[in-house]
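**Student:** Take a look at work-v3.cif, mmCIF, C-alpha atoms:
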data_target
#
loop_
_atom_site.group_PDB
_atom_site.id
_atom_site.type_symbol
_atom_site.label_atom_id
_atom_site.label_comp_id
_atom_site.auth_asym_id
_atom_site.auth_seq_id
_atom_site.Cartn_x
_atom_site.Cartn_y
_atom_site.Cartn_z
ATOM 1 C CA MET C 5 -40.763 -49.982 -67.791
ATOM 2 C CA PRO C 6 -39.997 -48.346 -71.160
ATOM 3 C CA ASP C 7 -36.440 -48.306 -72.404
ATOM 4 C CA SER C 8 -35.610 -44.631 -72.974
ATOM 5 C CA ALA C 9 -32.107 -45.397 -74.214
ATOM 6 C CA GLY C 10 -33.068 -45.876 -77.848
ATOM 7 C CA GLY C 11 -32.743 -48.730 -80.305
ATOM 8 C CA LEU C 12 -34.747 -51.787 -79.349
ATOM 9 C CA GLY C 13 -36.436 -51.882 -75.983
ATOM 10 C CA GLN C 14 -37.688 -54.903 -74.120
ATOM 11 C CA GLY C 15 -40.271 -56.693 -76.178
ATOM 12 C CA GLY C 16 -38.558 -55.652 -79.422
ATOM 13 C CA GLY C 17 -40.157 -52.209 -79.794
ATOM 14 C CA ARG C 18 -38.107 -49.491 -81.433
ATOM 15 C CA VAL C 19 -36.830 -46.801 -79.104
ATOM 16 C CA GLY C 20 -35.029 -43.647 -80.200
ATOM 17 C CA PRO C 21 -35.748 -41.284 -83.072
ATOM 18 C CA GLU C 22 -37.141 -42.173 -86.485
ATOM 19 C CA LEU C 23 -34.254 -42.713 -88.870
ATOM 20 C CA PRO C 24 -34.098 -42.318 -92.645
ATOM 21 C CA GLN C 25 -34.810 -45.565 -94.487
ATOM 22 C CA SER C 26 -31.125 -45.961 -95.420
ATOM 23 C CA LEU C 27 -30.107 -45.908 -91.732
ATOM 24 C CA SER C 28 -32.986 -47.821 -90.181
ATOM 25 C CA GLY C 29 -33.156 -51.527 -89.455
ATOM 26 C CA GLY C 30 -29.753 -51.752 -87.799
ATOM 27 C CA VAL C 31 -28.867 -54.643 -85.523
ATOM 28 C CA VAL C 32 -27.999 -53.931 -81.908
ATOM 29 C CA ARG C 33 -24.476 -55.273 -81.466
ATOM 30 C CA SER C 34 -22.458 -56.004 -78.336
ATOM 31 C CA VAL C 35 -20.269 -53.137 -77.139
ATOM 32 C CA LEU C 36 -16.663 -54.079 -76.339
ATOM 33 C CA VAL C 37 -15.639 -53.258 -72.786
ATOM 34 C CA HIS C 38 -12.211 -52.139 -71.562
ATOM 35 C CA PRO C 39 -9.669 -53.796 -71.305
ATOM 36 C CA ASP C 40 -10.552 -55.481 -74.615
ATOM 37 C CA PRO C 41 -7.361 -55.020 -76.703
ATOM 38 C CA MET C 42 -9.347 -54.137 -79.847
ATOM 39 C CA LEU C 43 -10.206 -50.797 -78.207
ATOM 40 C CA ARG C 44 -6.501 -49.861 -78.410
ATOM 41 C CA GLU C 45 -6.023 -50.628 -82.118
ATOM 42 C CA LEU C 46 -5.703 -48.090 -84.931
ATOM 43 C CA CYS C 47 -8.595 -48.278 -87.363
ATOM 44 C CA GLN C 48 -8.357 -48.642 -91.125
ATOM 45 C CA PRO C 49 -10.143 -46.279 -93.554
ATOM 46 C CA SER C 50 -13.803 -47.090 -94.061
ATOM 47 C CA GLY C 51 -13.962 -45.744 -97.613
ATOM 48 C CA TYR C 52 -12.747 -49.044 -99.031
ATOM 49 C CA LEU C 53 -15.914 -50.841 -97.915
ATOM 50 C CA PRO C 54 -18.740 -51.207 -100.469
ATOM 51 C CA GLY C 55 -21.661 -48.787 -100.039
ATOM 52 C CA PRO C 56 -24.141 -51.390 -98.740
ATOM 53 C CA ASP C 57 -21.610 -52.513 -96.095
ATOM 54 C CA LEU C 58 -21.057 -48.900 -94.986
ATOM 55 C CA ARG C 59 -24.809 -48.276 -94.678
ATOM 56 C CA ARG C 60 -25.244 -51.519 -92.715
ATOM 57 C CA LEU C 61 -22.381 -50.544 -90.395
ATOM 58 C CA ALA C 62 -23.911 -47.080 -89.899
ATOM 59 C CA ALA C 63 -27.354 -48.547 -89.166
ATOM 60 C CA ASP C 64 -25.864 -51.039 -86.680
ATOM 61 C CA LEU C 65 -23.868 -48.293 -84.966
ATOM 62 C CA LEU C 66 -26.959 -46.100 -84.599
ATOM 63 C CA ALA C 67 -29.153 -48.951 -83.344
ATOM 64 C CA THR C 68 -26.482 -49.957 -80.824
ATOM 65 C CA MET C 69 -25.843 -46.379 -79.678
ATOM 66 C CA TYR C 70 -29.532 -45.699 -79.041
ATOM 67 C CA ALA C 71 -30.071 -49.078 -77.348
ATOM 68 C CA ALA C 72 -27.119 -48.434 -75.024
ATOM 69 C CA GLY C 73 -28.262 -44.899 -74.204
ATOM 70 C CA GLY C 74 -25.194 -43.219 -75.689
ATOM 71 C CA ARG C 75 -24.768 -40.044 -77.700
ATOM 72 C CA GLY C 76 -21.911 -41.413 -79.797
ATOM 73 C CA LEU C 77 -20.433 -44.751 -80.797
ATOM 74 C CA ALA C 78 -17.345 -45.637 -82.839
ATOM 75 C CA ALA C 79 -16.961 -48.703 -85.050
ATOM 76 C CA PRO C 80 -14.139 -50.249 -82.975
ATOM 77 C CA GLN C 81 -16.494 -50.310 -79.975
ATOM 78 C CA ILE C 82 -18.497 -52.995 -81.792
ATOM 79 C CA GLY C 83 -15.391 -54.784 -83.043
ATOM 80 C CA VAL C 84 -15.240 -53.217 -86.519
ATOM 81 C CA MET C 85 -11.799 -51.724 -87.033
ATOM 82 C CA ARG C 86 -12.817 -49.018 -89.508
ATOM 83 C CA ARG C 87 -12.678 -45.226 -89.220
ATOM 84 C CA ALA C 88 -16.372 -44.597 -88.671
ATOM 85 C CA PHE C 89 -18.550 -43.262 -85.901
ATOM 86 C CA VAL C 90 -22.073 -42.057 -85.271
ATOM 87 C CA MET C 91 -23.341 -39.388 -82.935
ATOM 88 C CA ASP C 92 -26.573 -37.697 -81.926
ATOM 89 C CA ALA C 93 -26.010 -34.914 -79.412
ATOM 90 C CA GLY C 94 -29.667 -33.932 -79.017
ATOM 91 C CA TRP C 95 -31.755 -37.102 -79.106
ATOM 92 C CA LYS C 96 -32.057 -37.385 -75.336
ATOM 93 C CA GLN C 97 -33.519 -33.856 -75.214
ATOM 94 C CA GLY C 98 -36.037 -34.612 -77.985
ATOM 95 C CA ARG C 99 -33.928 -32.948 -80.718
ATOM 96 C CA PRO C 100 -32.580 -35.906 -82.699
ATOM 97 C CA ALA C 101 -29.933 -35.162 -85.310
ATOM 98 C CA PRO C 102 -28.097 -38.413 -86.090
ATOM 99 C CA LEU C 103 -24.795 -38.038 -87.901
ATOM 100 C CA VAL C 104 -22.751 -40.770 -89.573
ATOM 101 C CA MET C 105 -19.103 -39.865 -90.008
ATOM 102 C CA LEU C 106 -16.898 -41.988 -92.244
ATOM 103 C CA ASP C 107 -13.152 -41.356 -92.383
ATOM 104 C CA PRO C 108 -13.483 -38.226 -90.216
ATOM 105 C CA GLU C 109 -10.656 -35.744 -89.880
ATOM 106 C CA ILE C 110 -10.462 -32.851 -87.437
ATOM 107 C CA LEU C 111 -9.202 -29.855 -89.423
ATOM 108 C CA PHE C 112 -9.234 -27.220 -86.692
ATOM 109 C CA TYR C 113 -9.117 -27.112 -82.887
ATOM 110 C CA SER C 114 -9.998 -23.910 -81.025
ATOM 111 C CA ASP C 115 -7.559 -22.529 -78.475
ATOM 112 C CA GLN C 116 -10.284 -22.441 -75.840
ATOM 113 C CA VAL C 117 -10.228 -25.658 -73.805
ATOM 114 C CA GLU C 118 -13.087 -26.777 -71.588
ATOM 115 C CA LEU C 119 -13.101 -29.416 -68.850
ATOM 116 C CA ALA C 120 -16.120 -31.695 -68.647
ATOM 117 C CA GLU C 121 -17.005 -35.139 -67.364
ATOM 118 C CA GLU C 122 -17.271 -37.775 -70.062
ATOM 119 C CA ARG C 123 -18.659 -41.272 -69.983
ATOM 120 C CA CYS C 124 -17.932 -44.096 -72.384
ATOM 121 C CA LEU C 125 -20.064 -47.101 -73.299
ATOM 122 C CA SER C 126 -16.865 -49.180 -73.354
ATOM 123 C CA ILE C 127 -15.872 -48.056 -69.845
ATOM 124 C CA PRO C 128 -19.122 -48.337 -67.884
ATOM 125 C CA ASP C 129 -19.500 -46.593 -64.536
ATOM 126 C CA ARG C 130 -16.176 -44.730 -64.863
ATOM 127 C CA PRO C 131 -16.687 -41.039 -65.652
ATOM 128 C CA VAL C 132 -13.501 -39.091 -66.370
ATOM 129 C CA THR C 133 -12.969 -35.324 -66.507
ATOM 130 C CA VAL C 134 -11.438 -34.583 -69.900
ATOM 131 C CA PRO C 135 -10.034 -31.317 -71.304
ATOM 132 C CA ARG C 136 -11.072 -30.747 -74.921
ATOM 133 C CA PRO C 137 -11.076 -27.833 -77.350
ATOM 134 C CA ALA C 138 -14.467 -26.101 -77.174
ATOM 135 C CA GLU C 139 -14.810 -25.912 -80.960
ATOM 136 C CA ILE C 140 -13.563 -27.959 -83.882
ATOM 137 C CA VAL C 141 -13.990 -28.150 -87.628
ATOM 138 C CA LEU C 142 -14.607 -31.711 -88.753
ATOM 139 C CA ALA C 143 -14.526 -33.131 -92.284
ATOM 140 C CA TRP C 144 -15.964 -36.558 -93.139
ATOM 141 C CA TYR C 145 -17.808 -38.570 -95.760
ATOM 142 C CA ASP C 146 -21.459 -39.520 -95.387
ATOM 143 C CA THR C 147 -22.922 -42.890 -96.375
ATOM 144 C CA GLU C 148 -23.542 -41.622 -99.917
ATOM 145 C CA GLY C 149 -19.847 -40.742 -100.363
ATOM 146 C CA ARG C 150 -20.410 -36.975 -100.147
ATOM 147 C CA HIS C 151 -17.706 -34.933 -98.438
ATOM 148 C CA GLN C 152 -19.030 -32.950 -95.469
ATOM 149 C CA ASN C 153 -17.421 -30.210 -93.416
ATOM 150 C CA ARG C 154 -18.889 -28.624 -90.289
ATOM 151 C CA ARG C 155 -17.900 -26.442 -87.359
ATOM 152 C CA LEU C 156 -18.933 -28.156 -84.115
ATOM 153 C CA ALA C 157 -19.156 -26.589 -80.673
ATOM 154 C CA GLY C 158 -20.349 -27.588 -77.223
ATOM 155 C CA ALA C 159 -21.618 -31.139 -76.800
ATOM 156 C CA GLU C 160 -21.255 -31.905 -80.522
ATOM 157 C CA ALA C 161 -17.563 -30.957 -80.487
ATOM 158 C CA ARG C 162 -16.923 -32.998 -77.337
ATOM 159 C CA ILE C 163 -18.741 -36.091 -78.637
ATOM 160 C CA ALA C 164 -16.984 -35.939 -82.019
ATOM 161 C CA GLN C 165 -13.544 -35.653 -80.386
ATOM 162 C CA HIS C 166 -14.335 -38.515 -77.983
ATOM 163 C CA GLU C 167 -15.437 -40.784 -80.840
ATOM 164 C CA ALA C 168 -12.504 -39.748 -83.067
ATOM 165 C CA ASP C 169 -10.169 -40.756 -80.234
ATOM 166 C CA HIS C 170 -11.589 -44.294 -80.408
ATOM 167 C CA LEU C 171 -10.491 -44.531 -84.056
ATOM 168 C CA ASP C 172 -6.892 -44.035 -82.922
ATOM 169 C CA GLY C 173 -7.075 -46.401 -79.952
ATOM 170 C CA ARG C 174 -7.362 -43.610 -77.353
ATOM 171 C CA LEU C 175 -9.739 -43.851 -74.399
ATOM 172 C CA ILE C 176 -10.902 -41.389 -71.753
ATOM 173 C CA LEU C 177 -8.759 -43.360 -69.282
ATOM 174 C CA ASP C 178 -5.724 -41.879 -71.063
ATOM 175 C CA PHE C 179 -6.690 -38.494 -69.590
ATOM 176 C CA LEU C 180 -6.342 -39.699 -65.996
ATOM 177 C CA PRO C 181 -3.328 -38.290 -64.112
#
Represent the structure from my file as structure tokens, please.
**Tutor:**
Amino acid sequence: MPDSAGGLGQGGGRVGPELPQSLSGGVVRSVLVHPDPMLRELCQPSGYLPGPDLRRLAADLLATMYAAGGRGLAAPQIGVMRRAFVMDAGWKQGRPAPLVMLDPEILFYSDQVELAEERCLSIPDRPVTVPRPAEIVLAWYDTEGRHQNRRLAGAEARIAQHEADHLDGRLILDFLP
């Protein structure tokens, strides 16, 4: 049976979208599972890592995210305590748009809040309904050191906020009553 999650499927075949050369060839890493204490730690800036290390981290995050069937993955989920995450809101619908976000910062939160069920690769089989602003403006650096800034809405906004929470040691379990 084919592995539709992405990354490497059984037999070693690549699954998931084609990636640019600089982000391909990542290694699928183990995802930490709650209650691993590393998931509660604050992450350090990623900008202090050399460029090749940042690109390797990004490639590993993408490979791991696709292999696990996720739409986002933060560095602390693979045991790297740096402020970095990847996301691809559309790959499961055949519209891949992988993003690598280094040292991200949310600059704006909309007043409109939406409730939706979220899942987390580090908390398997435990969906949680989470309130989040419907729109955000996010600033980050890409793997080439260029500053990016984008307004995100819908699934992209939700995924980015979920992954940014990981960088500060927050989990969807924190939203339970």
**Student:** When you count all atoms listed in the file, which of these residues is closest to Asp107 of chain C: C:Ile127, C:Cys47, C:Leu77, C:Ala67?
**Tutor:**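 Ranked by minimum distance to Asp107 of chain C, first place goes to C:Cys47.
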**Student:** Using all atoms listed in the file, which of the listed residues (C:Glu109, C:Asp172, C:Asp57, C:Glu139) sits closest to Ala157 of chain C?
**Tutor:**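 Between C:Glu109, C:Asp172, C:Asp57, C:Glu139, the residue approaching Ala157 of chain C most closely is C:Glu139.
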**Student:** With all atoms listed in the file as the atoms that count, which of C:Val132, C:Leu156, C:Leu23, C:Leu66 lies nearest to Leu175 of chain C?
**Tutor:**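 Counting all atoms listed in the file, the residue closest to Leu175 of chain C is C:Val132.
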**Student:** Residues picked by the PyMOL selection byres ((chain C and resi 72-74) around 9) here, as number ranges by chain?
**Tutor:** C: 8-11, 32, 35, 67-71, 75-77, 91-92, 96, 123-125
**Student:** Any chance you could resolve the PyMOL selection byres ((chain C and resi 111-119) around 12) against this file and give the residues as a PyMOL selection string?
**Tutor:** chain C and resi 108-110+120-122+132-144+152-159+161-162+164-165+179
**Student:** Give me, please, the distance in Å between atom CA of Pro100 of chain C and atom CA of Ile82 of chain C, quoted to one decimal.
**Tutor:** 22.2 Å
**Student:** Using only C-alpha atoms, which of the listed residues (C:Ser126, C:Ile176, C:Leu61, C:Gly20) sits closest to Ala79 of chain C?
**Tutor:** C:Leu61
**Student:** When you count only C-alpha atoms, which of these residues is closest to Arg99 of chain C: C:Asp169, C:Pro21, C:Pro56, C:Asp178?
**Tutor:** C:Pro21
**Student:** How many Å separate atom CA of Gly83 of chain C from atom CA of Glu148 of chain C?
**Tutor:** 22.9 Å
**Student:** Nearest residue to Leu46 of chain C out of C:Leu180, C:Val31, C:Val90, C:Val84, using all atoms listed in the file?
**Tutor:** C:Val84
**Student:** Can you work out the spacing between atom CA of Gly55 of chain C and atom CA of Gly98 of chain C in Å, to one decimal?
**Tutor:**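 So the two atoms, atom CA of Gly55 of chain C and atom CA of Gly98 of chain C, lie 29.9 Å apart.
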**Student:** Let me have the centre and edge lengths in Å, one decimal, of the box along x, y and z around every listed atom of segment 44-61 of chain C with 4 Å of margin on each side, as AutoDock Vina command-line options.
**Tutor:**
--center_x -15.5 --center_y -49.1 --center_z -89.4 --size_x 27.5 --size_y 14.8 --size_z 30.1
**Student:** Can you tell me, as a PyMOL selection string, what residues are no more than 12 Å from Arg86 of chain C when counting only C-alpha atoms, ignoring any on the same chain fewer than 4 positions away?
**Tutor:** chain C and resi 42-43+45-53+57-58+61-62+65+78-82+105-108+168+170-173
